$ cat my_file-v4.cif   # mmCIF, C-alpha atoms
data_structure
#
loop_
_atom_site.label_atom_id
_atom_site.label_comp_id
_atom_site.auth_asym_id
_atom_site.auth_seq_id
_atom_site.Cartn_x
_atom_site.Cartn_y
_atom_site.Cartn_z
CA GLN H 1 0.00 0.00 0.00
CA ALA H 2 2.93 2.32 0.59
CA ARG H 3 4.83 3.93 -2.22
CA ALA H 4 6.94 1.22 -3.78
CA PRO H 5 8.68 0.83 -7.10
CA LYS H 6 6.78 -1.01 -9.85
CA GLY H 7 8.66 -0.54 -13.03
CA ARG H 8 9.46 3.14 -12.61
CA CYS H 9 6.12 3.97 -11.06
CA PHE H 10 5.99 5.08 -7.44
CA CYS H 11 2.92 3.08 -6.61
CA ALA H 12 2.39 -0.64 -6.48
CA GLY H 13 -1.32 -1.25 -6.84
CA LYS H 14 -4.11 1.24 -6.32
CA GLY H 15 -2.96 2.68 -2.99
CA VAL H 16 -4.89 3.39 0.17
CA ASN H 17 -8.48 4.59 0.02
CA MET H 18 -8.04 7.25 2.66
CA VAL H 19 -5.70 8.92 5.14
CA PRO H 20 -6.69 11.19 8.03
CA PRO H 21 -7.00 14.66 6.42
CA LYS H 22 -5.32 16.35 9.40
CA LEU H 23 -2.18 14.33 8.73
CA ILE H 24 -1.86 15.50 5.12
CA GLU H 25 1.21 17.61 4.46
CA LYS H 26 0.65 17.66 0.70
CA VAL H 27 -0.92 15.69 -2.12
CA GLU H 28 0.95 15.23 -5.39
CA ILE H 29 -0.70 14.46 -8.70
CA ILE H 30 1.83 12.90 -11.05
CA PRO H 31 0.60 12.59 -14.64
CA PRO H 32 1.46 9.58 -16.83
CA SER H 33 4.96 9.77 -18.30
CA PRO H 34 7.23 7.62 -20.46
CA SER H 35 8.60 5.99 -17.29
CA CYS H 36 5.18 5.26 -15.73
CA LYS H 37 2.02 4.95 -17.79
CA THR H 38 -0.31 5.39 -14.85
CA GLN H 39 -1.27 8.68 -13.27
CA GLU H 40 -0.36 8.54 -9.61
CA ILE H 41 -1.58 10.41 -6.54
CA VAL H 42 0.93 10.44 -3.71
CA VAL H 43 0.25 11.86 -0.26
CA THR H 44 2.97 13.04 2.13
CA LEU H 45 2.06 12.80 5.80
CA LYS H 46 2.94 15.32 8.51
CA ASN H 47 5.42 14.38 11.20
CA SER H 48 6.91 11.72 9.00
CA THR H 49 8.74 11.29 5.77
CA GLU H 50 6.18 8.71 4.82
CA GLN H 51 4.55 8.88 1.44
CA LYS H 52 1.54 6.81 0.52
CA CYS H 53 -0.20 6.25 -2.75
CA LEU H 54 -3.84 7.33 -2.72
CA ASN H 55 -6.39 5.41 -4.75
CA PRO H 56 -7.56 7.96 -7.36
CA GLU H 57 -10.95 6.23 -7.49
CA SER H 58 -11.72 6.28 -3.76
CA LYS H 59 -14.42 8.66 -2.55
CA PHE H 60 -12.01 10.19 -0.07
CA THR H 61 -9.46 11.07 -2.76
CA GLN H 62 -12.12 12.43 -5.06
CA LYS H 63 -13.69 14.63 -2.40
CA TYR H 64 -10.35 15.86 -1.11
CA ILE H 65 -9.13 16.81 -4.56
CA MET H 66 -12.40 18.31 -5.77
CA LYS H 67 -12.52 20.44 -2.65
CA ALA H 68 -9.10 21.87 -3.50
CA VAL H 69 -10.45 23.55 -6.62
CA GLU H 70 -13.99 24.39 -5.65
CA LYS H 71 -14.63 28.09 -5.59
CA ARG H 72 -15.55 29.42 -2.21
CA SER H 73 -18.97 30.46 -3.45
CA LEU H 74 -19.60 26.92 -4.66
CA GLN H 75 -18.32 25.42 -1.44
CA LYS H 76 -20.86 27.47 0.46
CA LYS H 77 -23.59 26.22 -1.86
CA TYR H 78 -22.62 22.62 -1.25
CA GLU H 79 -22.38 23.16 2.47
CA SER H 80 -25.90 24.54 2.63
CA ILE H 81 -27.43 21.57 0.78
CA GLN P 1 3.73 34.72 -10.38
CA ALA P 2 6.47 32.24 -9.55
CA ARG P 3 6.73 30.58 -6.19
CA ALA P 4 7.92 33.21 -3.77
CA PRO P 5 7.85 33.57 -0.04
CA LYS P 6 4.94 35.51 1.47
CA GLY P 7 5.04 34.95 5.17
CA ARG P 8 5.71 31.24 5.11
CA CYS P 9 3.50 30.58 2.13
CA PHE P 10 5.07 29.43 -1.13
CA CYS P 11 2.91 31.60 -3.31
CA ALA P 12 2.72 35.35 -3.63
CA GLY P 13 -0.66 36.17 -5.08
CA LYS P 14 -2.98 33.82 -6.91
CA GLY P 15 -0.46 32.27 -9.29
CA VAL P 16 -0.65 31.61 -13.00
CA ASN P 17 -3.91 30.63 -14.62
CA MET P 18 -2.39 27.90 -16.76
CA VAL P 19 0.76 26.07 -17.81
CA PRO P 20 1.16 23.81 -20.86
CA PRO P 21 -0.09 20.39 -19.66
CA LYS P 22 2.73 18.56 -21.46
CA LEU P 23 5.27 20.40 -19.33
CA ILE P 24 3.73 19.29 -16.04
CA GLU P 25 5.97 17.02 -14.00
CA LYS P 26 3.67 17.06 -10.99
CA VAL P 27 1.03 19.16 -9.26
CA GLU P 28 1.11 19.56 -5.49
CA ILE P 29 -1.90 20.47 -3.37
CA ILE P 30 -0.74 21.92 -0.08
CA PRO P 31 -3.53 22.35 2.47
CA PRO P 32 -3.67 25.33 4.85
CA SER P 33 -1.34 24.97 7.83
CA PRO P 34 -0.30 27.02 10.85
CA SER P 35 2.53 28.51 8.75
CA CYS P 36 0.34 29.40 5.74
CA LYS P 37 -3.40 29.92 6.03
CA THR P 38 -4.03 29.59 2.32
CA GLN P 39 -4.29 26.33 0.43
CA GLU P 40 -1.71 26.36 -2.33
CA ILE P 41 -1.39 24.53 -5.63
CA VAL P 42 2.18 24.32 -6.90
CA VAL P 43 3.16 22.87 -10.26
CA THR P 44 6.62 21.52 -11.04
CA LEU P 45 7.64 21.76 -14.70
CA LYS P 46 9.58 19.16 -16.69
CA ASN P 47 13.10 19.95 -17.83
CA SER P 48 13.46 22.56 -15.17
CA THR P 49 13.54 22.91 -11.45
CA GLU P 50 10.98 25.63 -11.80
CA GLN P 51 7.91 25.61 -9.62
CA LYS P 52 4.96 27.85 -10.25
CA CYS P 53 1.89 28.55 -8.22
CA LEU P 54 -1.34 27.69 -10.01
CA ASN P 55 -4.44 29.76 -9.44
CA PRO P 56 -6.88 27.32 -7.77
CA GLU P 57 -9.79 29.23 -9.28
CA SER P 58 -8.67 29.17 -12.90
CA LYS P 59 -10.57 26.92 -15.32
CA PHE P 60 -7.34 25.22 -16.33
CA THR P 61 -6.47 24.26 -12.75
CA GLN P 62 -9.99 23.09 -12.05
CA LYS P 63 -10.19 20.94 -15.18
CA TYR P 64 -6.72 19.49 -14.70
CA ILE P 65 -7.38 18.53 -11.10
CA MET P 66 -10.89 17.24 -11.64
CA LYS P 67 -9.61 15.05 -14.47
CA ALA P 68 -7.12 13.46 -12.10
CA VAL P 69 -9.90 11.91 -10.04
CA GLU P 70 -12.57 11.26 -12.63
CA LYS P 71 -13.34 7.60 -12.98
CA ARG P 72 -12.57 6.21 -16.38
CA SER P 73 -16.22 5.42 -16.94
CA LEU P 74 -17.14 9.02 -16.17
CA GLN P 75 -14.35 10.35 -18.36
CA LYS P 76 -15.79 8.38 -21.27
CA LYS P 77 -19.20 9.87 -20.57
CA TYR P 78 -17.81 13.40 -20.62
CA GLU P 79 -15.80 12.72 -23.75
CA SER P 80 -18.87 11.54 -25.62
CA ILE P 81 -20.89 14.66 -24.78
#

$ encode --input "my_file-v4.cif" --output "structure tokens"
Amino acid sequence: QARAPKGRCFCAGKGVNMVPPKLIEKVEIIPPSPSCKTQEIVVTLKNSTEQKCLNPESKFTQKYIMKAVEKRSLQKKYESI
Amino acid sequence: QARAPKGRCFCAGKGVNMVPPKLIEKVEIIPPSPSCKTQEIVVTLKNSTEQKCLNPESKFTQKYIMKAVEKRSLQKKYESI
């Protein structure tokens, strides 16, 4: 589940479905490249050098990432629903 | 527009509205923290050590980031519209 080499990809398998949001230091989106055909999402955790692969298809990942680009006005709309 | 210190934030201002997608090495989402109250989106470019701040509210950033977490089945749906 952790970041591990597979070919030249960071991630072996789909990665974890969630991590505690408060522990997130940063989330990296790495597009497909000649050395790794899969897009990868890697999360770095606070208080550790640990990096984990996040499953791009998990609800947690999708919500976390969508939230990062929602406009504030839209966020308010969603919150009030 | 480039990454520059502002307090302890990476970004000064909103950042660029777009970068050529083919030049993207990775995109980092950095949540708000005690040292920087703003969420930041930082893009690293290929063939350079350059990092730029991306405007989280630009259409380019929103599309690029949403695409990263769209399920393949959904992507096909959008493509066919």

$ closest_atom_pairs --input "my_file-v4.cif" --of "chain P" --to "chain H" --cutoff "6 Å" --atoms "only C-alpha atoms" --output "CSV"
residue,atom,partner,partner_atom,distance
P:Lys26,CA,H:Ile30,CA,4.5
P:Val27,CA,H:Ile29,CA,5.0
P:Glu28,CA,H:Glu28,CA,4.3
P:Ile29,CA,H:Val27,CA,5.0
P:Ile30,CA,H:Lys26,CA,4.5
P:Pro56,CA,H:Val69,CA,5.3
P:Gln62,CA,H:Val69,CA,5.5
P:Val69,CA,H:Pro56,CA,5.3

$ atom_distance --input "my_file-v4.cif" --atom1 "CA of Val16 (chain P)" --atom2 "CA of Lys37 (chain P)"
19.3 Å

$ atom_distance --input "my_file-v4.cif" --atom1 "CA of Glu50 (chain P)" --atom2 "CA of Gly15 (chain H)"
28.3 Å

$ atom_distance --input "my_file-v4.cif" --atom1 "CA of Leu23 (chain P)" --atom2 "CA of Cys11 (chain H)"
21.6 Å

$ build_atoms --input "my_file-v4.cif" --residues "region 6-38 of chain P" --atoms "N, CA and C atoms" --output "PDB file, keeping the file's coordinate frame"
ATOM      1  N   LYS P   6       5.849  34.474   0.988  1.00  0.00           N
ATOM      2  CA  LYS P   6       4.940  35.510   1.470  1.00  0.00           C
ATOM      3  C   LYS P   6       4.538  35.022   2.849  1.00  0.00           C
ATOM      4  N   GLY P   7       5.097  35.599   3.880  1.00  0.00           N
ATOM      5  CA  GLY P   7       5.040  34.950   5.170  1.00  0.00           C
ATOM      6  C   GLY P   7       5.758  33.620   4.986  1.00  0.00           C
ATOM      7  N   ARG P   8       5.112  32.544   5.373  1.00  0.00           N
ATOM      8  CA  ARG P   8       5.710  31.240   5.110  1.00  0.00           C
ATOM      9  C   ARG P   8       4.969  30.501   4.010  1.00  0.00           C
ATOM     10  N   CYS P   9       4.156  31.212   3.267  1.00  0.00           N
ATOM     11  CA  CYS P   9       3.500  30.580   2.130  1.00  0.00           C
ATOM     12  C   CYS P   9       4.496  30.493   0.972  1.00  0.00           C
ATOM     13  N   PHE P  10       4.267  29.528   0.086  1.00  0.00           N
ATOM     14  CA  PHE P  10       5.070  29.430  -1.130  1.00  0.00           C
ATOM     15  C   PHE P  10       4.701  30.553  -2.094  1.00  0.00           C
ATOM     16  N   CYS P  11       3.403  30.790  -2.201  1.00  0.00           N
ATOM     17  CA  CYS P  11       2.910  31.600  -3.310  1.00  0.00           C
ATOM     18  C   CYS P  11       2.696  33.043  -2.886  1.00  0.00           C
ATOM     19  N   ALA P  12       3.084  33.949  -3.772  1.00  0.00           N
ATOM     20  CA  ALA P  12       2.720  35.350  -3.630  1.00  0.00           C
ATOM     21  C   ALA P  12       1.603  35.595  -4.620  1.00  0.00           C
ATOM     22  N   GLY P  13       0.457  35.938  -4.158  1.00  0.00           N
ATOM     23  CA  GLY P  13      -0.660  36.170  -5.080  1.00  0.00           C
ATOM     24  C   GLY P  13      -1.324  34.870  -5.503  1.00  0.00           C
ATOM     25  N   LYS P  14      -2.149  34.950  -6.516  1.00  0.00           N
ATOM     26  CA  LYS P  14      -2.980  33.820  -6.910  1.00  0.00           C
ATOM     27  C   LYS P  14      -2.255  32.804  -7.760  1.00  0.00           C
ATOM     28  N   GLY P  15      -1.164  33.206  -8.418  1.00  0.00           N
ATOM     29  CA  GLY P  15      -0.460  32.270  -9.290  1.00  0.00           C
ATOM     30  C   GLY P  15      -0.944  32.342 -10.714  1.00  0.00           C
ATOM     31  N   VAL P  16      -0.316  31.564 -11.572  1.00  0.00           N
ATOM     32  CA  VAL P  16      -0.650  31.610 -13.000  1.00  0.00           C
ATOM     33  C   VAL P  16      -1.955  30.871 -13.252  1.00  0.00           C
ATOM     34  N   ASN P  17      -2.638  31.268 -14.299  1.00  0.00           N
ATOM     35  CA  ASN P  17      -3.910  30.630 -14.620  1.00  0.00           C
ATOM     36  C   ASN P  17      -3.729  29.313 -15.365  1.00  0.00           C
ATOM     37  N   MET P  18      -2.638  29.188 -16.106  1.00  0.00           N
ATOM     38  CA  MET P  18      -2.390  27.900 -16.760  1.00  0.00           C
ATOM     39  C   MET P  18      -0.919  27.697 -17.076  1.00  0.00           C
ATOM     40  N   VAL P  19      -0.553  26.428 -17.288  1.00  0.00           N
ATOM     41  CA  VAL P  19       0.760  26.070 -17.810  1.00  0.00           C
ATOM     42  C   VAL P  19       0.495  25.001 -18.881  1.00  0.00           C
ATOM     43  N   PRO P  20       1.398  24.841 -19.857  1.00  0.00           N
ATOM     44  CA  PRO P  20       1.160  23.810 -20.860  1.00  0.00           C
ATOM     45  C   PRO P  20       1.150  22.422 -20.193  1.00  0.00           C
ATOM     46  N   PRO P  21       0.042  21.660 -20.369  1.00  0.00           N
ATOM     47  CA  PRO P  21      -0.090  20.390 -19.660  1.00  0.00           C
ATOM     48  C   PRO P  21       1.073  19.430 -19.930  1.00  0.00           C
ATOM     49  N   LYS P  22       1.625  19.478 -21.131  1.00  0.00           N
ATOM     50  CA  LYS P  22       2.730  18.560 -21.460  1.00  0.00           C
ATOM     51  C   LYS P  22       3.985  18.858 -20.654  1.00  0.00           C
ATOM     52  N   LEU P  23       4.078  20.045 -20.110  1.00  0.00           N
ATOM     53  CA  LEU P  23       5.270  20.400 -19.330  1.00  0.00           C
ATOM     54  C   LEU P  23       5.117  20.066 -17.848  1.00  0.00           C
ATOM     55  N   ILE P  24       3.949  19.529 -17.465  1.00  0.00           N
ATOM     56  CA  ILE P  24       3.730  19.290 -16.040  1.00  0.00           C
ATOM     57  C   ILE P  24       4.412  18.009 -15.564  1.00  0.00           C
ATOM     58  N   GLU P  25       5.317  18.166 -14.639  1.00  0.00           N
ATOM     59  CA  GLU P  25       5.970  17.020 -14.000  1.00  0.00           C
ATOM     60  C   GLU P  25       5.092  16.499 -12.867  1.00  0.00           C
ATOM     61  N   LYS P  26       4.631  17.418 -12.034  1.00  0.00           N
ATOM     62  CA  LYS P  26       3.670  17.060 -10.990  1.00  0.00           C
ATOM     63  C   LYS P  26       2.962  18.310 -10.477  1.00  0.00           C
ATOM     64  N   VAL P  27       1.819  18.075  -9.849  1.00  0.00           N
ATOM     65  CA  VAL P  27       1.030  19.160  -9.260  1.00  0.00           C
ATOM     66  C   VAL P  27       0.868  18.847  -7.781  1.00  0.00           C
ATOM     67  N   GLU P  28       1.225  19.773  -6.927  1.00  0.00           N
ATOM     68  CA  GLU P  28       1.110  19.560  -5.490  1.00  0.00           C
ATOM     69  C   GLU P  28      -0.013  20.402  -4.901  1.00  0.00           C
ATOM     70  N   ILE P  29      -0.855  19.758  -4.111  1.00  0.00           N
ATOM     71  CA  ILE P  29      -1.900  20.470  -3.370  1.00  0.00           C
ATOM     72  C   ILE P  29      -1.435  20.533  -1.923  1.00  0.00           C
ATOM     73  N   ILE P  30      -1.244  21.742  -1.435  1.00  0.00           N
ATOM     74  CA  ILE P  30      -0.740  21.920  -0.080  1.00  0.00           C
ATOM     75  C   ILE P  30      -1.844  22.560   0.757  1.00  0.00           C
ATOM     76  N   PRO P  31      -2.412  21.803   1.694  1.00  0.00           N
ATOM     77  CA  PRO P  31      -3.530  22.350   2.470  1.00  0.00           C
ATOM     78  C   PRO P  31      -3.072  23.481   3.403  1.00  0.00           C
ATOM     79  N   PRO P  32      -4.027  24.284   3.896  1.00  0.00           N
ATOM     80  CA  PRO P  32      -3.670  25.330   4.850  1.00  0.00           C
ATOM     81  C   PRO P  32      -2.980  24.713   6.069  1.00  0.00           C
ATOM     82  N   SER P  33      -2.090  25.462   6.668  1.00  0.00           N
ATOM     83  CA  SER P  33      -1.340  24.970   7.830  1.00  0.00           C
ATOM     84  C   SER P  33      -1.101  26.137   8.762  1.00  0.00           C
ATOM     85  N   PRO P  34      -0.581  25.888   9.945  1.00  0.00           N
ATOM     86  CA  PRO P  34      -0.300  27.020  10.850  1.00  0.00           C
ATOM     87  C   PRO P  34       0.662  28.028  10.223  1.00  0.00           C
ATOM     88  N   SER P  35       1.561  27.582   9.327  1.00  0.00           N
ATOM     89  CA  SER P  35       2.530  28.510   8.750  1.00  0.00           C
ATOM     90  C   SER P  35       2.005  29.236   7.509  1.00  0.00           C
ATOM     91  N   CYS P  36       0.951  28.726   6.908  1.00  0.00           N
ATOM     92  CA  CYS P  36       0.340  29.400   5.740  1.00  0.00           C
ATOM     93  C   CYS P  36      -1.142  29.088   5.720  1.00  0.00           C
ATOM     94  N   LYS P  37      -1.957  30.138   5.870  1.00  0.00           N
ATOM     95  CA  LYS P  37      -3.400  29.920   6.030  1.00  0.00           C
ATOM     96  C   LYS P  37      -4.118  29.591   4.725  1.00  0.00           C
ATOM     97  N   THR P  38      -3.403  29.798   3.614  1.00  0.00           N
ATOM     98  CA  THR P  38      -4.030  29.590   2.320  1.00  0.00           C
ATOM     99  C   THR P  38      -3.679  28.216   1.777  1.00  0.00           C
TER     100      THR P  38
END
